[in-house]
Amino acid sequence: AGASCPGSDTMPALFSIKATGGINGINRNETVYLIRHAEAHPVSGWDDGNFVAAGQWRALALPDALRGKINPTQVYSIDPAQVYPGAQETPGNFSFPYVRPSLTIEPYAIANNLPYYLVSDFELFDNSSPQLTSDYFFKGGRFSNQTVLVAWEHAHIPPTIDALLANHFPTYSGPKAPTWPENDYDTIWTVRLDDKGNLTVDNE
C-alpha cells in the first residue's frame, strides 16, 4: 500500500479464496482491507520494531495512494506498546516497541478524519495470535456492516486467514492463504463476508 518504492515493482501472483456458509458467530456484511507495515529493514534481518525512511515516506503517501480506491469507516492497527523481539543482527539483540504498523496507518486515518483504534486485547507474537486476530475482526458481530482498514504484521496475515477458514468454514477444502512476499509493500488483501456469511479473500 502506498507509493511504489525500489524493489517492490514485481507484484505477487493474484489469488482468490472463496468459502461458503460461515458458522460459529461469523460476522455479516463486513469488508476488511489488510495492509502490511511500511519498509522496516535497512538490511535483511535487522529489526528494531520501527520503520526506515522509505517506510516513513510510504506512510505519508498512503492517503493519496488509496484515495478513491477504498472507503473504510474506521482504521485499526496492533497496539504499538507491544514488545517486538530484536533480531540477532540488531546490536544488543534487545526487544523493542512494535510501532511500525501504527506509524504506517496513522497518516491515512488523520487525512481522512477516521476513528483510529489500537488492538491491545492480545499479544501479536503469541502462538494463539492468528486465532485471536481472526476472532477479533471476523466473529461476534463487532464489525458486521462495517468497512475497516487494518495495518498488521505481514507474516501474521496469512495465518489469520487460515484460522478464519479452519474455525468458521468446516466444508472448505481449497488452498491455504499464500505467503505474503517479503519485498511486497504494495498489496492490499481484501476480506469480505456477505449477508449469508460467505467469504472471499483476494489481493486484486
# chains A, B, ... in the order shown; residues from 1 in each chain; ligands from 1
$ residues_around --residues "Asp79 in chain A" --least-positions-apart "4" --cutoff "8 Å" --atoms "only C-alpha atoms" --output "ChimeraX atom specification"
/A:98-99,102,118-120
$ residues_around --residues "range 122-134 of chain A" --least-positions-apart "3" --cutoff "10 Å" --atoms "only C-alpha atoms" --output "VMD selection string"
chain A and resid 26 78 to 79 82 to 85 98 119 137 to 139 152 to 153 156 to 168
$ atom_distance --atom1 "CA of Ser173 in chain A" --atom2 "CA of Glu30 in chain A"
22.6 Å
$ residues_around --residues "Pro12 in chain A" --least-positions-apart "6" --cutoff "9 Å" --atoms "only C-alpha atoms" --output "list of chain:residue names"
A:Trp180, A:Pro181, A:Asp184, A:Thr187, A:Asn203
$ atom_distance --atom1 "CA of Ile70 in chain A" --atom2 "CA of Gly21 in chain A"
26.0 Å
$ closest_residue --among "A:Met11, A:Val75, A:Ile110, A:Ile35" --to "Trp189 in chain A" --atoms "only C-alpha atoms"
A:Ile35
$ residues_around --residues "Gly25 in chain A" --least-positions-apart "2" --cutoff "8 Å" --atoms "only C-alpha atoms" --output "list of chain:residue names"
A:Ile23, A:Asn27, A:Lys139, A:Gly140, A:Gly141
$ atom_distance --atom1 "CA of Phe143 in chain A" --atom2 "CA of Ala109 in chain A"
17.6 Å
$ residues_around --residues "Asn29 in chain A" --least-positions-apart "5" --cutoff "12 Å" --atoms "only C-alpha atoms" --output "mmCIF file with N, CA, C and O atoms, in the first residue's frame"
data_model
loop_
_atom_site.group_PDB
_atom_site.id
_atom_site.type_symbol
_atom_site.label_atom_id
_atom_site.label_comp_id
_atom_site.auth_asym_id
_atom_site.auth_seq_id
_atom_site.Cartn_x
_atom_site.Cartn_y
_atom_site.Cartn_z
ATOM 1 N N PHE A 138 -13.484 -10.949 12.821
ATOM 2 C CA PHE A 138 -14.473 -11.612 11.976
ATOM 3 C C PHE A 138 -15.547 -12.394 12.731
ATOM 4 O O PHE A 138 -16.354 -13.070 12.113
ATOM 5 N N LYS A 139 -15.582 -12.295 14.038
ATOM 6 C CA LYS A 139 -16.544 -13.064 14.831
ATOM 7 C C LYS A 139 -17.212 -12.151 15.856
ATOM 8 O O LYS A 139 -16.604 -11.205 16.346
ATOM 9 N N GLY A 141 -19.887 -10.118 15.667
ATOM 10 C CA GLY A 141 -20.738 -9.011 15.244
ATOM 11 C C GLY A 141 -20.178 -7.617 15.414
ATOM 12 O O GLY A 141 -20.795 -6.647 14.964
ATOM 13 N N ARG A 142 -19.025 -7.464 16.058
ATOM 14 C CA ARG A 142 -18.469 -6.127 16.281
ATOM 15 C C ARG A 142 -18.269 -5.361 14.972
ATOM 16 O O ARG A 142 -18.490 -4.150 14.898
ATOM 17 N N PHE A 143 -17.872 -6.089 13.916
ATOM 18 C CA PHE A 143 -17.591 -5.433 12.645
ATOM 19 C C PHE A 143 -18.599 -5.805 11.557
ATOM 20 O O PHE A 143 -18.346 -5.541 10.377
ATOM 21 N N SER A 144 -19.724 -6.410 11.926
ATOM 22 C CA SER A 144 -20.779 -6.609 10.942
ATOM 23 C C SER A 144 -21.249 -5.249 10.424
ATOM 24 O O SER A 144 -21.344 -4.274 11.180
ATOM 25 N N ASN A 145 -21.522 -5.191 9.117
ATOM 26 C CA ASN A 145 -21.971 -3.950 8.461
ATOM 27 C C ASN A 145 -20.939 -2.831 8.558
ATOM 28 O O ASN A 145 -21.300 -1.657 8.587
ATOM 29 N N GLN A 146 -19.645 -3.202 8.599
ATOM 30 C CA GLN A 146 -18.564 -2.218 8.705
ATOM 31 C C GLN A 146 -17.535 -2.437 7.596
ATOM 32 O O GLN A 146 -17.406 -3.545 7.052
ATOM 33 N N THR A 147 -16.799 -1.380 7.290
ATOM 34 C CA THR A 147 -15.672 -1.447 6.369
ATOM 35 C C THR A 147 -14.450 -0.913 7.107
ATOM 36 O O THR A 147 -14.470 0.229 7.582
ATOM 37 N N VAL A 148 -13.418 -1.732 7.221
ATOM 38 C CA VAL A 148 -12.308 -1.444 8.120
ATOM 39 C C VAL A 148 -10.988 -1.561 7.366
ATOM 40 O O VAL A 148 -10.798 -2.470 6.552
ATOM 41 N N VAL A 191 -10.793 -8.828 2.529
ATOM 42 C CA VAL A 191 -11.579 -9.913 3.122
ATOM 43 C C VAL A 191 -13.030 -9.442 3.190
ATOM 44 O O VAL A 191 -13.314 -8.420 3.824
ATOM 45 N N ARG A 192 -13.926 -10.188 2.523
ATOM 46 C CA ARG A 192 -15.344 -9.808 2.511
ATOM 47 C C ARG A 192 -16.202 -10.955 3.020
ATOM 48 O O ARG A 192 -16.013 -12.107 2.626
ATOM 49 N N LEU A 193 -17.135 -10.604 3.885
ATOM 50 C CA LEU A 193 -18.179 -11.518 4.337
ATOM 51 C C LEU A 193 -19.520 -10.931 3.903
ATOM 52 O O LEU A 193 -19.810 -9.768 4.216
ATOM 53 N N ASP A 194 -20.317 -11.715 3.174
ATOM 54 C CA ASP A 194 -21.596 -11.182 2.713
ATOM 55 C C ASP A 194 -22.691 -11.404 3.760
ATOM 56 O O ASP A 194 -22.410 -11.832 4.888
ATOM 57 N N ASP A 195 -23.942 -11.131 3.387
ATOM 58 C CA ASP A 195 -25.026 -11.205 4.369
ATOM 59 C C ASP A 195 -25.373 -12.633 4.766
ATOM 60 O O ASP A 195 -26.122 -12.847 5.716
ATOM 61 N N LYS A 196 -24.816 -13.615 4.070
ATOM 62 C CA LYS A 196 -25.029 -15.016 4.429
ATOM 63 C C LYS A 196 -23.798 -15.632 5.091
ATOM 64 O O LYS A 196 -23.774 -16.825 5.388
ATOM 65 N N GLY A 197 -22.784 -14.838 5.298
ATOM 66 C CA GLY A 197 -21.562 -15.351 5.903
ATOM 67 C C GLY A 197 -20.633 -16.028 4.925
ATOM 68 O O GLY A 197 -19.708 -16.741 5.336
ATOM 69 N N ASN A 198 -20.834 -15.820 3.619
ATOM 70 C CA ASN A 198 -19.916 -16.341 2.616
ATOM 71 C C ASN A 198 -18.677 -15.450 2.555
ATOM 72 O O ASN A 198 -18.779 -14.219 2.669
ATOM 73 N N LEU A 199 -17.535 -16.051 2.328
ATOM 74 C CA LEU A 199 -16.247 -15.366 2.430
ATOM 75 C C LEU A 199 -15.548 -15.297 1.076
ATOM 76 O O LEU A 199 -15.530 -16.276 0.324
ATOM 77 N N THR A 200 -14.955 -14.153 0.777
ATOM 78 C CA THR A 200 -13.987 -14.038 -0.307
ATOM 79 C C THR A 200 -12.765 -13.311 0.244
ATOM 80 O O THR A 200 -12.883 -12.367 1.029
#
$ select_by_dssp --residues "range 1-177 of chain A" --states "strand (DSSP E)" --output "VMD selection string"
chain A and resid 16 to 19 30 to 36 74 to 78 83 to 85 95 to 97 116 to 119 147 to 152
$ closest_residue --among "A:Pro80, A:Gly22, A:Gly68, A:Pro101" --to "Arg36 in chain A" --atoms "only C-alpha atoms"
A:Pro101
$ residues_around --residues "Lys69 in chain A" --least-positions-apart "4" --cutoff "12 Å" --atoms "only C-alpha atoms" --output "VMD selection string"
chain A and resid 1 to 2 33 62 to 65 149 188 190 204
$ write_last_selection --atoms "C-alpha atoms" --output "mmCIF file, in the first residue's frame"
data_model
loop_
_atom_site.group_PDB
_atom_site.id
_atom_site.type_symbol
_atom_site.label_atom_id
_atom_site.label_comp_id
_atom_site.auth_asym_id
_atom_site.auth_seq_id
_atom_site.Cartn_x
_atom_site.Cartn_y
_atom_site.Cartn_z
ATOM 1 C CA ALA A 1 0.000 0.000 0.000
ATOM 2 C CA GLY A 2 1.256 3.459 -0.667
ATOM 3 C CA TYR A 33 -8.712 -4.223 3.936
ATOM 4 C CA LEU A 62 -0.710 6.405 1.827
ATOM 5 C CA PRO A 63 -3.706 8.808 1.880
ATOM 6 C CA ASP A 64 -3.025 9.860 -1.735
ATOM 7 C CA ALA A 65 -2.200 6.333 -2.893
ATOM 8 C CA LEU A 149 -8.700 -0.724 7.150
ATOM 9 C CA ILE A 188 -3.882 -4.918 -0.219
ATOM 10 C CA THR A 190 -9.462 -7.688 0.874
ATOM 11 C CA GLU A 204 -6.651 -7.979 -6.519
#
